[in-house]
Amino acid sequence: MRSLTIRIATLGFLLLSANLLFAQQTKPDDKYNRQEVMIPMRDGIKLHTVIFTPKEQKGKLPFLMTRTPYGVDDNPSPERQQYIKDMADEGYIFVFQDIRGRYRSEGKFVMQRFGRNKKDPKSIDESSDTYDTIDWLLKNIPDNNGKAGIYGISYDGWTAIIAGVDPHPALKAVSEQATPADMFLNDDFHHNGAFRLSYGFEYSVLTEAAKTDSLYAFGQYDTYDWYLKLGPLSNINAKYAHGTLPTWNNFIKHPNYDEFWKKQALAYRLDTPRTAIQHVSGWWDQEDMVGPQSAYQVLEKRDEHNQNFIVMGPWRHGGWADGDGKSLGNIKFDDQATATYFRKEIQAKWFAWYLKGKGDGKFAEAISFQTGSNQWKNYNTWPPKEAVTKNIYLHSNGKLSFDKPSAAEAKPLDSYVSDPAKPVPYRARPIEETYGPGSRWYFWLTDDQRFVQNRPDVLSWQTDTLTEDITVTGNPFAKFFASTTGSDADWVVKLIDVYPQEYKKELKMSGYELMIADDVMRGRFRKSLSKPEPITPGKVEEYTIDLHGVDHVFKKGHRIMVQIQSSWFPIIDRNPQKYVHNIFEAKESDYQIATQKVFHSVSFPSCISLPVMK
């Protein structure tokens, strides 16, 4: 059997958070001194930590730290890291730490470790490890001002927000960026109960097959065929992992929204902001777009001291950390350097106020880069209360309109055949390994959706050419009526901006179909994520899917499109379309063809509910 993993180092690159691999650790002209320490935790375990202090430090400085499972040895001097350069130029004491069980830190790694038992003084979690680290830094690193901040992207964003659950008194500012919030409801591993197969498997290998980052050795460039030939999910352990990946084993043990997932989610862990918190989210984040928005909403309910803020921009996962942010994939933002602006005008100024008292401390509750119009917006609440709900309805002949279906509707439904043996790819092939060489994973959410336009198992509806701009700001919902001949089904819904067929501003973008919002629901969870139910074959049922936050202007001359399909492979595993107790234990014989029907009539008015700004 082929080796389960290959080391990342052999591939030459990987961006998971904002931790880039660099060929050289230090240079003679670096502005910071570097030291390595092993910091003891309350249970005796020591965590490998790299500390950078300014060579020409003037006055006492605060700590800025990040805690990561992705390795800190290769971090260069802070002023050479684009992500934090604006802050490095001003001066902080920077701290980078391997979390326990990863790279050079002692202990055992546990994916999204549960909260500790506070009755046991020796019990630990990521919050206590952060507390102990800050406590050690205050006592052992000279010329600090007694304040600390923490930041990070993805898993590092999660460790950042967890640090705020039970913070050290010196922790004054937390910037969680692209944190996952609920691994069953949304984010990395599931969306509305639908399992994110390729990411779930490959990330489990990445973090758990070895103490350092590793990739699975597929032996082929296009992984679509590999996952299709895999067959039932049970074959991962039967043929490849053999029970060695704890996270994959947890997928199998917890196919529904049970206490395991609930206690892991931020809604369970968070109550009230105990320090200033900044949430950062990308509109086209292919991993954790929902997490920061969910975390913001949870804390906003009890934000009595105006400490809870959110920033949203036109970025992929971590896209604000590097580059200028003037474009993403094929999409351009009118020469606006959105990432540069975030790092300099938002992130740097936010930490400068909370850790140094520099500036006026006046920050908008919600800062958003509105796409379509391509301009920054400030809002007093998120979602903004000014938005008015308007339904846009599906009609016969592929029409989409703000008018409700009438009795004169030519055809009350559209149908397609969903075949698990021929699943709809989630992006144009080849589908490279998620973090493999040449992977287009990072911007697939901006891909032109015309690549599925002629598939018989994808339905599309679109408006006439818009005669005026329509601004959608907030959370759109898909509310549609459908039936299946099977006893389970997946429903994928996409809200799309269709460019004019002759787009003179940039001719190659003519007719482009840009996803603005999208998500998937596993039909068995339509009533409850905890108690799945089979679907009655042939019965028309109503489905509601939260398509999550957007701030977008559908411009005059464009069209609005909606697509619905029942597979999105291999980012989402194939639904057998026959109800089984646990899809991770399904047999090859359980996978069956089904006919799906989507209704649009007076009795069943399927629509997308849009939050439209006046």
# chains A, B, ... in the order shown; residues from 1 in each chain; ligands from 1

$ residues_around --residues "A:Phe451" --least-positions-apart "5" --cutoff "10 Å" --atoms "only C-alpha atoms" --output "PyMOL selection string"
chain A and resi 425-429+513

$ residues_around --residues "stretch 221-235 of chain A" --least-positions-apart "3" --cutoff "6 Å" --atoms "only C-alpha atoms" --output "list in words"
Ala238, Lys239, Pro430, Ile431, Glu432, Phe584, Glu585, Lys587 and Glu588 of chain A

$ closest_residue --among "A:Arg116, A:Lys46, A:Arg524, A:Lys301" --to "A:Arg269" --atoms "only C-alpha atoms"
A:Arg116

$ closest_residue --among "A:Ala366, A:Ala163, A:Val498, A:Leu185" --to "A:Ser528" --atoms "only C-alpha atoms"
A:Leu185

$ closest_residue --among "A:Ile583, A:Glu79, A:Trp376, A:Ile593" --to "A:Ile252" --atoms "only C-alpha atoms"
A:Ile583

$ select_by_dssp --residues "stretch 340-562 of chain A" --states "helix (DSSP H, G or I)" --output "PyMOL selection string"
chain A and resi 340-356+396-398+441-446+449-452+507-509+523-525

$ residues_around --residues "A:His548" --least-positions-apart "3" --cutoff "8 Å" --atoms "only C-alpha atoms" --output "JSON, numbers by chain"
{"A": [290, 474, 475, 476, 477, 517, 518]}

$ write_last_selection --atoms "C-alpha atoms" --output "PDB file, in the first residue's frame"
ATOM      1  CA  VAL A 290     -19.388  31.479   8.480  1.00  0.00           C
ATOM      2  CA  GLY A 474     -27.269  40.638   5.281  1.00  0.00           C
ATOM      3  CA  ASN A 475     -28.229  36.960   5.304  1.00  0.00           C
ATOM      4  CA  PRO A 476     -30.198  35.584   2.318  1.00  0.00           C
ATOM      5  CA  PHE A 477     -32.187  32.379   2.813  1.00  0.00           C
ATOM      6  CA  ALA A 517     -23.756  33.045  -1.717  1.00  0.00           C
ATOM      7  CA  ASP A 518     -24.165  29.284  -1.531  1.00  0.00           C
TER       8      ASP A 518
END

$ closest_residue --among "A:Ser418, A:Thr446, A:Gln307, A:Ser281" --to "A:Asp488" --atoms "only C-alpha atoms"
A:Ser418

$ closest_residue --among "A:Ala160, A:Val298, A:Val110, A:Met41" --to "A:Ser123" --atoms "only C-alpha atoms"
A:Met41

$ closest_residue --among "A:Asp30, A:Glu506, A:Glu208, A:Asp73" --to "A:Phe109" --atoms "only C-alpha atoms"
A:Glu208

$ residues_around --residues "A:Gln264" --least-positions-apart "4" --cutoff "12 Å" --atoms "only C-alpha atoms" --output "list in words"
Val110, Met111, Gln112, Arg113, Phe114, Gly115, Arg116, Trp158, Ile162, Pro180, Ala181, Asp182, Met183, Phe184, Leu185, Tyr257, Asp258, Glu259, Phe260, Tyr268, Arg269 and Leu270 of chain A

$ residues_around --residues "A:Gly152" --least-positions-apart "2" --cutoff "9 Å" --atoms "only C-alpha atoms" --output "PyMOL selection string"
chain A and resi 17-18+65-68+150+154-160+174-179

$ residues_around --residues "A:Phe569" --least-positions-apart "3" --cutoff "7 Å" --atoms "only C-alpha atoms" --output "list in words"
Pro423, Val424, Pro425, Tyr426, Ile572, Asp573 and Arg574 of chain A

$ decode --residues "stretch 129-205 of chain A" --atoms "C-alpha atoms" --output "tab-separated table (two decimals), in the first residue's frame"
chain	number	residue	atom	x	y	z
A	129	ASP	CA	-2.19	27.34	27.80
A	130	THR	CA	-2.55	30.91	26.54
A	131	TYR	CA	-3.03	32.17	30.10
A	132	ASP	CA	0.10	30.38	31.32
A	133	THR	CA	2.11	31.63	28.35
A	134	ILE	CA	1.14	35.27	28.96
A	135	ASP	CA	1.86	34.89	32.66
A	136	TRP	CA	5.36	33.57	31.92
A	137	LEU	CA	6.05	36.31	29.35
A	138	LEU	CA	5.08	39.08	31.76
A	139	LYS	CA	7.51	37.74	34.36
A	140	ASN	CA	10.41	36.76	32.12
A	141	ILE	CA	10.57	39.14	29.14
A	142	PRO	CA	11.81	42.58	30.23
A	143	ASP	CA	10.49	45.96	29.11
A	144	ASN	CA	6.90	44.86	28.49
A	145	ASN	CA	4.00	47.20	29.24
A	146	GLY	CA	1.83	44.57	30.93
A	147	LYS	CA	-0.55	44.14	27.97
A	148	ALA	CA	-0.98	41.37	25.41
A	149	GLY	CA	-2.96	40.79	22.26
A	150	ILE	CA	-3.53	37.65	20.24
A	151	TYR	CA	-4.38	37.21	16.58
A	152	GLY	CA	-4.49	34.46	14.00
A	153	ILE	CA	-6.21	32.95	10.98
A	154	SER	CA	-8.11	29.65	10.70
A	155	TYR	CA	-6.99	27.27	13.46
A	156	ASP	CA	-4.87	30.14	14.79
A	157	GLY	CA	-8.05	32.24	14.79
A	158	TRP	CA	-9.75	29.56	16.84
A	159	THR	CA	-6.92	29.48	19.39
A	160	ALA	CA	-7.18	33.28	19.52
A	161	ILE	CA	-10.87	33.39	20.33
A	162	ILE	CA	-10.56	30.49	22.78
A	163	ALA	CA	-7.90	32.55	24.59
A	164	GLY	CA	-10.69	35.04	25.31
A	165	VAL	CA	-12.92	32.45	26.98
A	166	ASP	CA	-10.98	32.64	30.26
A	167	PRO	CA	-8.43	35.37	29.54
A	168	HIS	CA	-5.40	36.43	31.51
A	169	PRO	CA	-6.02	39.95	32.92
A	170	ALA	CA	-3.24	41.25	30.66
A	171	LEU	CA	-5.00	40.02	27.50
A	172	LYS	CA	-6.62	43.19	26.17
A	173	ALA	CA	-7.35	42.44	22.51
A	174	VAL	CA	-8.27	39.36	20.47
A	175	SER	CA	-8.44	39.38	16.67
A	176	GLU	CA	-9.87	36.08	15.56
A	177	GLN	CA	-9.72	35.77	11.83
A	178	ALA	CA	-11.56	33.00	9.97
A	179	THR	CA	-12.17	30.92	13.06
A	180	PRO	CA	-14.39	27.87	12.69
A	181	ALA	CA	-17.47	28.19	14.89
A	182	ASP	CA	-19.43	24.96	14.50
A	183	MET	CA	-17.95	21.97	12.71
A	184	PHE	CA	-21.30	20.30	12.11
A	185	LEU	CA	-23.49	23.24	11.23
A	186	ASN	CA	-20.94	25.05	9.07
A	187	ASP	CA	-17.23	25.63	8.42
A	188	ASP	CA	-14.55	23.01	7.72
A	189	PHE	CA	-16.09	19.57	8.27
A	190	HIS	CA	-19.84	19.84	7.66
A	191	HIS	CA	-22.41	22.24	6.29
A	192	ASN	CA	-25.91	21.65	7.62
A	193	GLY	CA	-24.91	18.06	8.32
A	194	ALA	CA	-23.52	17.42	4.82
A	195	PHE	CA	-20.00	16.03	5.22
A	196	ARG	CA	-17.10	17.88	3.57
A	197	LEU	CA	-15.32	14.76	2.35
A	198	SER	CA	-12.17	15.94	0.60
A	199	TYR	CA	-11.38	18.59	3.19
A	200	GLY	CA	-12.30	16.38	6.16
A	201	PHE	CA	-10.08	13.53	5.03
A	202	GLU	CA	-7.14	15.60	3.81
A	203	TYR	CA	-7.07	17.87	6.85
A	204	SER	CA	-7.20	14.87	9.20
A	205	VAL	CA	-4.14	13.47	7.43
